[in-house]
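*Asks:* Dumping the structure here so I can ask a few things about it.
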Amino acid sequence: MTTDLKRAPAIDHKTSHQLDRHTVYQQAVQSPEADAELVQYFYRLNRNKTAYHFREDFCGTAITLANWIQQGPEFSGEGFDIDSDTIKWGQRHNFDPLGENGKRGLLHRADARAPSTKSPDVRCAFNFSYWIFTQRKQMLEYFQSAYQDLAKDGVFVLDFHGGAESLAEEEAITDCGEFLSIWHQTGFSPVTHTADLALHFRFPDGSAMENAFRYHWRIWSIPEITDLLSEAGFASTNTYWYDGEGEYELTRVGQNDPTWIACLAALK
Ligand SMILES: C[S@@+](CC[C@H](N)C(=O)[O-])C[C@H]1O[C@@H](n2cnc3c(N)ncnc32)[C@H](O)[C@@H]1O
């Protein structure tokens, strides 16, 4: 929800000094329970059976994986991220508290192109993280490694956003209840299709975490990505359009909205 800074809600007096950036990120940006369900939903929809071993790429604190393994004792998974502090934070806050059950989630400080310990049934890259690969060659290598690593009948789920406004230099402000989160996009280049993103958090007491997270990524188009998935070996890719109310619908056309969200499910 886009809102106005002046309308920051009265909250429980937590300030930027009492919270750390990963806690705030998880609350502002992620819906881990829904995301774990979404991954299973796309697998069942396309394969008519249940996925058990899941791989979360660019996992950050791997909170989606932590939700996945809580489906039951037969559910396991692996998370991959190159940032060791983030991985350690995720281990301590999202897995250790689960005790023995938490051991079914394995975190790797490694590149998203590295192989899994066990071939995943389903794999995801969410919050557009894979756009950090700005070169076609890098993206192809990533998709080739994902294809080879997936189990037979595996499904690779990638989220997407777009629309004319996705190229604009703008601050998108979201009211997260206890604080505001601000996605600030600058420096879009029509030549490289890359942009700089900064994520800020602002609190009602005036404190803030400016530039809590920063990214440089390419704003890809769906056909560029589906062509690369096909080149990497995937048999087909289905596109699901988000209706803004929690549902995704299979589409071949989409809608030319100023901003839109979609998910791709690439089938091995
Ligand atoms: C936008 S965050 C995504 C966090 C979380 N998965 C989510 O959905 O919100 C991007 C993450 O990608 C990680 N990252 C960047 N380059 C990577 C690479 N080549 N391989 C694995 N992780 C990478 C960063 O350390 C960061 O934690």
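Ordering of the structure tokens sets the chain letters (A, B, ...); residue numbers start at 1 within each chain; ligands are numbered from 1 in the order shown.
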Using DSSP on the backbone coordinates, identify all residues within range 90-197 of chain A classified as strand (DSSP E); present the result as a PyMOL selection string.
*Replies:* chain A and resi 105-109+122-125+155-162+170-175+180-186+194-197
*Asks:* Take the selection from the previous step and output its residues with N, CA and C atoms, as an mmCIF file, in the first residue's frame.
*Replies:*
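Produced file out_18.cif, reproduced below:
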data_model
loop_
_atom_site.group_PDB
_atom_site.id
_atom_site.type_symbol
_atom_site.label_atom_id
_atom_site.label_comp_id
_atom_site.auth_asym_id
_atom_site.auth_seq_id
_atom_site.Cartn_x
_atom_site.Cartn_y
_atom_site.Cartn_z
ATOM 1 N N GLY A 105 16.641 -27.948 7.392
ATOM 2 C CA GLY A 105 16.966 -26.822 6.508
ATOM 3 C C GLY A 105 18.461 -26.577 6.551
ATOM 4 N N LEU A 106 19.101 -26.672 5.392
ATOM 5 C CA LEU A 106 20.561 -26.552 5.321
ATOM 6 C C LEU A 106 20.912 -25.233 4.628
ATOM 7 N N LEU A 107 21.680 -24.401 5.312
ATOM 8 C CA LEU A 107 22.040 -23.117 4.699
ATOM 9 C C LEU A 107 23.464 -23.184 4.164
ATOM 10 N N HIS A 108 23.638 -22.702 2.932
ATOM 11 C CA HIS A 108 24.957 -22.698 2.304
ATOM 12 C C HIS A 108 25.369 -21.252 2.044
ATOM 13 N N ARG A 109 26.566 -20.899 2.485
ATOM 14 C CA ARG A 109 27.100 -19.605 2.035
ATOM 15 C C ARG A 109 27.772 -19.874 0.688
ATOM 16 N N VAL A 122 11.504 -28.581 -6.058
ATOM 17 C CA VAL A 122 11.081 -27.236 -6.434
ATOM 18 C C VAL A 122 12.103 -26.229 -5.930
ATOM 19 N N ARG A 123 12.279 -25.195 -6.713
ATOM 20 C CA ARG A 123 13.335 -24.212 -6.411
ATOM 21 C C ARG A 123 12.765 -22.838 -6.693
ATOM 22 N N CYS A 124 13.159 -21.824 -5.909
ATOM 23 C CA CYS A 124 12.642 -20.481 -6.191
ATOM 24 C C CYS A 124 13.729 -19.427 -6.078
ATOM 25 N N ALA A 125 13.496 -18.327 -6.786
ATOM 26 C CA ALA A 125 14.263 -17.086 -6.588
ATOM 27 C C ALA A 125 13.216 -16.001 -6.467
ATOM 28 N N VAL A 155 10.406 -28.162 -10.695
ATOM 29 C CA VAL A 155 9.802 -26.886 -11.120
ATOM 30 C C VAL A 155 10.618 -25.747 -10.508
ATOM 31 N N PHE A 156 10.881 -24.750 -11.333
ATOM 32 C CA PHE A 156 11.677 -23.588 -10.921
ATOM 33 C C PHE A 156 10.745 -22.370 -10.949
ATOM 34 N N VAL A 157 10.567 -21.738 -9.787
ATOM 35 C CA VAL A 157 9.604 -20.634 -9.670
ATOM 36 C C VAL A 157 10.352 -19.305 -9.496
ATOM 37 N N LEU A 158 10.009 -18.353 -10.347
ATOM 38 C CA LEU A 158 10.670 -17.039 -10.331
ATOM 39 C C LEU A 158 9.603 -15.954 -10.277
ATOM 40 N N ASP A 159 9.774 -14.973 -9.422
ATOM 41 C CA ASP A 159 8.781 -13.892 -9.437
ATOM 42 C C ASP A 159 9.235 -12.769 -10.359
ATOM 43 N N PHE A 160 8.307 -11.891 -10.652
ATOM 44 C CA PHE A 160 8.538 -10.879 -11.683
ATOM 45 C C PHE A 160 7.729 -9.637 -11.352
ATOM 46 N N HIS A 161 8.271 -8.467 -11.666
ATOM 47 C CA HIS A 161 7.403 -7.281 -11.650
ATOM 48 C C HIS A 161 7.723 -6.438 -12.865
ATOM 49 N N GLY A 162 6.794 -5.598 -13.249
ATOM 50 C CA GLY A 162 7.025 -4.774 -14.440
ATOM 51 C C GLY A 162 5.953 -3.718 -14.590
ATOM 52 N N GLU A 170 11.628 6.618 -8.594
ATOM 53 C CA GLU A 170 10.582 6.978 -7.633
ATOM 54 C C GLU A 170 10.803 6.330 -6.291
ATOM 55 N N GLU A 171 10.090 6.899 -5.307
ATOM 56 C CA GLU A 171 10.071 6.321 -3.972
ATOM 57 C C GLU A 171 8.707 5.677 -3.776
ATOM 58 N N ALA A 172 8.688 4.380 -3.592
ATOM 59 C CA ALA A 172 7.421 3.686 -3.310
ATOM 60 C C ALA A 172 7.365 3.448 -1.806
ATOM 61 N N ILE A 173 6.387 4.093 -1.166
ATOM 62 C CA ILE A 173 6.311 4.057 0.302
ATOM 63 C C ILE A 173 5.221 3.090 0.740
ATOM 64 N N THR A 174 5.569 2.176 1.619
ATOM 65 C CA THR A 174 4.594 1.201 2.120
ATOM 66 C C THR A 174 4.466 1.336 3.632
ATOM 67 N N ASP A 175 3.233 1.393 4.084
ATOM 68 C CA ASP A 175 2.957 1.451 5.519
ATOM 69 C C ASP A 175 2.974 0.028 6.069
ATOM 70 N N LEU A 180 7.522 2.662 8.215
ATOM 71 C CA LEU A 180 7.341 2.779 6.764
ATOM 72 C C LEU A 180 8.550 2.164 6.079
ATOM 73 N N SER A 181 8.295 1.487 4.965
ATOM 74 C CA SER A 181 9.431 1.042 4.153
ATOM 75 C C SER A 181 9.374 1.808 2.839
ATOM 76 N N ILE A 182 10.542 2.182 2.366
ATOM 77 C CA ILE A 182 10.632 3.011 1.159
ATOM 78 C C ILE A 182 11.589 2.367 0.178
ATOM 79 N N TRP A 183 11.062 1.928 -0.972
ATOM 80 C CA TRP A 183 11.900 1.453 -2.070
ATOM 81 C C TRP A 183 12.230 2.667 -2.922
ATOM 82 N N HIS A 184 13.499 2.970 -3.056
ATOM 83 C CA HIS A 184 13.907 4.158 -3.814
ATOM 84 C C HIS A 184 14.729 3.703 -5.013
ATOM 85 N N GLN A 185 14.163 3.899 -6.189
ATOM 86 C CA GLN A 185 14.877 3.490 -7.411
ATOM 87 C C GLN A 185 15.483 4.716 -8.083
ATOM 88 N N THR A 186 16.758 4.614 -8.416
ATOM 89 C CA THR A 186 17.427 5.722 -9.120
ATOM 90 C C THR A 186 18.282 5.130 -10.234
ATOM 91 N N THR A 194 19.509 -1.274 -16.391
ATOM 92 C CA THR A 194 19.852 -1.495 -14.983
ATOM 93 C C THR A 194 19.414 -0.276 -14.159
ATOM 94 N N ALA A 195 19.276 -0.493 -12.853
ATOM 95 C CA ALA A 195 18.902 0.592 -11.938
ATOM 96 C C ALA A 195 19.503 0.295 -10.568
ATOM 97 N N ASP A 196 19.587 1.351 -9.740
ATOM 98 C CA ASP A 196 20.027 1.204 -8.347
ATOM 99 C C ASP A 196 18.807 1.273 -7.444
ATOM 100 N N LEU A 197 18.765 0.352 -6.497
ATOM 101 C CA LEU A 197 17.641 0.298 -5.557
ATOM 102 C C LEU A 197 18.162 0.471 -4.152
#
*Asks:* Report as a Markdown table the residues of range 69-164 of chain A within 7 Å of range 45-60 of chain A, each with its shortest atom pair and distance in Å (one decimal), using only C-alpha atoms, ordered by chain and increasing residue number.
*Replies:*
| residue | atom | partner | partner_atom | distance |
| --- | --- | --- | --- | --- |
| A:Glu74 | CA | A:Tyr52 | CA | 6.6 |
| A:Phe75 | CA | A:Tyr52 | CA | 4.8 |
| A:Ser76 | CA | A:His53 | CA | 5.0 |
| A:Gly77 | CA | A:Phe54 | CA | 4.4 |
| A:Glu78 | CA | A:Arg55 | CA | 4.8 |
| A:Gly79 | CA | A:Glu56 | CA | 4.7 |
| A:Phe80 | CA | A:Asp57 | CA | 5.0 |
| A:Asp81 | CA | A:Phe58 | CA | 4.8 |
| A:Thr86 | CA | A:Gly60 | CA | 5.8 |
| A:Ile87 | CA | A:Gly60 | CA | 6.3 |
| A:Ala112 | CA | A:Asp57 | CA | 5.6 |
| A:Pro120 | CA | A:His53 | CA | 4.9 |
| A:Asp121 | CA | A:His53 | CA | 5.4 |
| A:Val122 | CA | A:Phe54 | CA | 5.1 |
| A:Arg123 | CA | A:Arg55 | CA | 4.5 |
| A:Cys124 | CA | A:Glu56 | CA | 5.3 |
| A:Ala125 | CA | A:Asp57 | CA | 5.1 |
| A:Ser129 | CA | A:Phe58 | CA | 6.3 |
*Asks:* Provide the CA of Ser119 in chain A to CA of Gln71 in chain A distance in Å, to one decimal place.
*Replies:*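 We find that CA of Ser119 in chain A and CA of Gln71 in chain A lie 18.8 Å from each other.
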*Asks:* Identify, on the basis of only C-alpha atoms, every residue whose closest approach to Gly90 in chain A does not exceed 10 Å; exclude the query and any residue fewer than 3 positions from it along the same chain; express the result as a ChimeraX atom specification.
*Replies:* /A:22-23,59-63,66,84-87,93-96,107
*Asks:* With N, CA and C atoms retained, export the selected residues as an mmCIF file, in the first residue's frame.
*Replies:*
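File selection-v7.cif, as written:
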data_model
loop_
_atom_site.group_PDB
_atom_site.id
_atom_site.type_symbol
_atom_site.label_atom_id
_atom_site.label_comp_id
_atom_site.auth_asym_id
_atom_site.auth_seq_id
_atom_site.Cartn_x
_atom_site.Cartn_y
_atom_site.Cartn_z
ATOM 1 N N HIS A 22 17.472 -7.001 9.557
ATOM 2 C CA HIS A 22 16.901 -8.235 9.018
ATOM 3 C C HIS A 22 15.470 -8.462 9.541
ATOM 4 N N THR A 23 15.270 -8.163 10.826
ATOM 5 C CA THR A 23 13.920 -8.276 11.387
ATOM 6 C C THR A 23 12.969 -7.376 10.620
ATOM 7 N N CYS A 59 18.697 -16.627 -0.645
ATOM 8 C CA CYS A 59 17.737 -16.868 0.447
ATOM 9 C C CYS A 59 17.774 -15.811 1.530
ATOM 10 N N GLY A 60 18.821 -14.981 1.596
ATOM 11 C CA GLY A 60 18.901 -14.040 2.708
ATOM 12 C C GLY A 60 18.835 -14.801 4.023
ATOM 13 N N THR A 61 17.860 -14.464 4.859
ATOM 14 C CA THR A 61 17.736 -15.122 6.166
ATOM 15 C C THR A 61 16.979 -16.455 6.059
ATOM 16 N N ALA A 62 16.599 -16.826 4.837
ATOM 17 C CA ALA A 62 15.973 -18.140 4.539
ATOM 18 C C ALA A 62 14.687 -18.388 5.313
ATOM 19 N N ILE A 63 13.930 -17.347 5.535
ATOM 20 C CA ILE A 63 12.706 -17.522 6.326
ATOM 21 C C ILE A 63 11.625 -18.283 5.547
ATOM 22 N N ALA A 66 12.508 -21.817 6.148
ATOM 23 C CA ALA A 66 12.142 -22.182 7.527
ATOM 24 C C ALA A 66 10.658 -22.512 7.613
ATOM 25 N N SER A 84 27.675 -14.054 4.331
ATOM 26 C CA SER A 84 27.776 -14.935 5.499
ATOM 27 C C SER A 84 27.079 -14.361 6.726
ATOM 28 N N ASP A 85 27.097 -13.041 6.920
ATOM 29 C CA ASP A 85 26.406 -12.460 8.089
ATOM 30 C C ASP A 85 24.906 -12.727 8.021
ATOM 31 N N THR A 86 24.359 -12.587 6.809
ATOM 32 C CA THR A 86 22.917 -12.789 6.634
ATOM 33 C C THR A 86 22.549 -14.245 6.891
ATOM 34 N N ILE A 87 23.371 -15.141 6.348
ATOM 35 C CA ILE A 87 23.139 -16.581 6.558
ATOM 36 C C ILE A 87 23.202 -16.926 8.055
ATOM 37 N N HIS A 93 18.197 -17.073 14.019
ATOM 38 C CA HIS A 93 16.840 -16.601 14.328
ATOM 39 C C HIS A 93 15.721 -17.457 13.733
ATOM 40 N N ASN A 94 15.995 -18.125 12.596
ATOM 41 C CA ASN A 94 14.897 -18.824 11.909
ATOM 42 C C ASN A 94 14.990 -20.345 11.990
ATOM 43 N N PHE A 95 16.181 -20.900 12.290
ATOM 44 C CA PHE A 95 16.339 -22.367 12.302
ATOM 45 C C PHE A 95 16.665 -22.901 13.686
ATOM 46 N N ASP A 96 17.629 -22.283 14.381
ATOM 47 C CA ASP A 96 18.001 -22.786 15.707
ATOM 48 C C ASP A 96 16.795 -22.886 16.651
ATOM 49 N N LEU A 107 21.680 -24.401 5.312
ATOM 50 C CA LEU A 107 22.040 -23.117 4.699
ATOM 51 C C LEU A 107 23.464 -23.184 4.164
#
*Asks:* Nearest to ligand 1 among A:Gly233, A:Pro115, A:Gly206, A:Gly244, with distances taken over only C-alpha atoms and all ligand atoms: which residue is it?
*Replies:*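 Nearest candidate to ligand 1 out of A:Gly233, A:Pro115, A:Gly206, A:Gly244: A:Pro115.
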*Asks:* With only C-alpha atoms as the atoms that count, which of A:Ala198, A:Ala208, A:Ala164, A:Ala232 lies nearest to Asp149 in chain A?
*Replies:*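 Checking each candidate against Asp149 in chain A, we get A:Ala232 as the closest.
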*Asks:* Would you please give, as an NGL selection string, all residues of range 20-208 of chain A that DSSP assigns to helix (DSSP H, G or I) based on the backbone?
*Replies:* :A and (21-29 or 32-47 or 63-69 or 84-104 or 129-132 or 136-149 or 164-167)
*Asks:* I want to know what sits within 12 Å of Glu33 in chain A, based on only C-alpha atoms, with residues of the same chain fewer than 3 positions away left out; could you give that as a PyMOL selection string?
*Replies:* chain A and resi 26-27+30+36-40+62-71
*Asks:* Considering only C-alpha atoms and all ligand atoms, can you say which of A:Met209, A:Asp153, A:Phe179, A:His216 comes closest to ligand 1?
*Replies:* A:His216
*Asks:* Report, in Å to a single decimal, how far apart CA of Gln148 in chain A and CA of Pro32 in chain A are.
*Replies:*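 Atom-to-atom, CA of Pro32 in chain A to CA of Gln148 in chain A, that is 26.4 Å.
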*Asks:* Which residue is closest to ligand 1? Choose from A:Glu100, A:Ser31, A:Asp111, A:Asp20 and count only C-alpha atoms and all ligand atoms.
*Replies:*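 Nearest candidate to ligand 1 out of A:Glu100, A:Ser31, A:Asp111, A:Asp20: A:Asp111.
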*Asks:* Counting only C-alpha atoms and all ligand atoms, which residue out of A:Ala28, A:Leu19, A:Ile82, A:Ala114 sits closest to ligand 1?
*Replies:*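 Of A:Ala28, A:Leu19, A:Ile82, A:Ala114, the one nearest ligand 1, counting only C-alpha atoms and all ligand atoms, is A:Ile82.
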*Asks:* Tell me which of A:Asn127, A:Gln144, A:Thr192, A:Asn238 sits closest to ligand 1, counting only C-alpha atoms and all ligand atoms.
*Replies:* A:Asn127
*Asks:* For Arg21 in chain A, find every residue with an atom within 9 Å (counting only C-alpha atoms), except residues of its own chain fewer than 4 positions away, and show them as a list in words.
*Replies:*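 Skipping anything fewer than 4 positions along the chain leaves Ser16, Tyr25, Gln26, Phe201, Met209, Ala212 and Phe213 of chain A.
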*Asks:* Next, the residues of the selection above should be written as a short mmCIF file (atom, residue, chain, number, x, y, z; two decimals), in the first residue's frame with N, CA and C atoms.
*Replies:*
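Heads up, here's the output in out_18.cif:
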data_model
loop_
_atom_site.label_atom_id
_atom_site.label_comp_id
_atom_site.auth_asym_id
_atom_site.auth_seq_id
_atom_site.Cartn_x
_atom_site.Cartn_y
_atom_site.Cartn_z
N SER A 16 14.35 2.51 15.33
CA SER A 16 15.40 1.83 14.57
C SER A 16 16.48 1.30 15.50
N TYR A 25 13.38 -6.08 7.61
CA TYR A 25 13.24 -6.53 6.21
C TYR A 25 12.20 -7.64 6.11
N GLN A 26 12.34 -8.65 6.97
CA GLN A 26 11.41 -9.80 6.91
C GLN A 26 9.96 -9.33 7.05
N PHE A 201 14.03 2.33 5.92
CA PHE A 201 12.94 2.14 6.88
C PHE A 201 12.87 3.39 7.76
N MET A 209 16.43 3.82 9.27
CA MET A 209 17.54 3.03 8.73
C MET A 209 17.59 3.40 7.24
N ALA A 212 19.23 0.66 4.24
CA ALA A 212 19.39 -0.60 5.00
C ALA A 212 19.83 -1.71 4.05
N PHE A 213 19.31 -1.68 2.83
CA PHE A 213 19.72 -2.66 1.80
C PHE A 213 19.86 -1.91 0.48
#
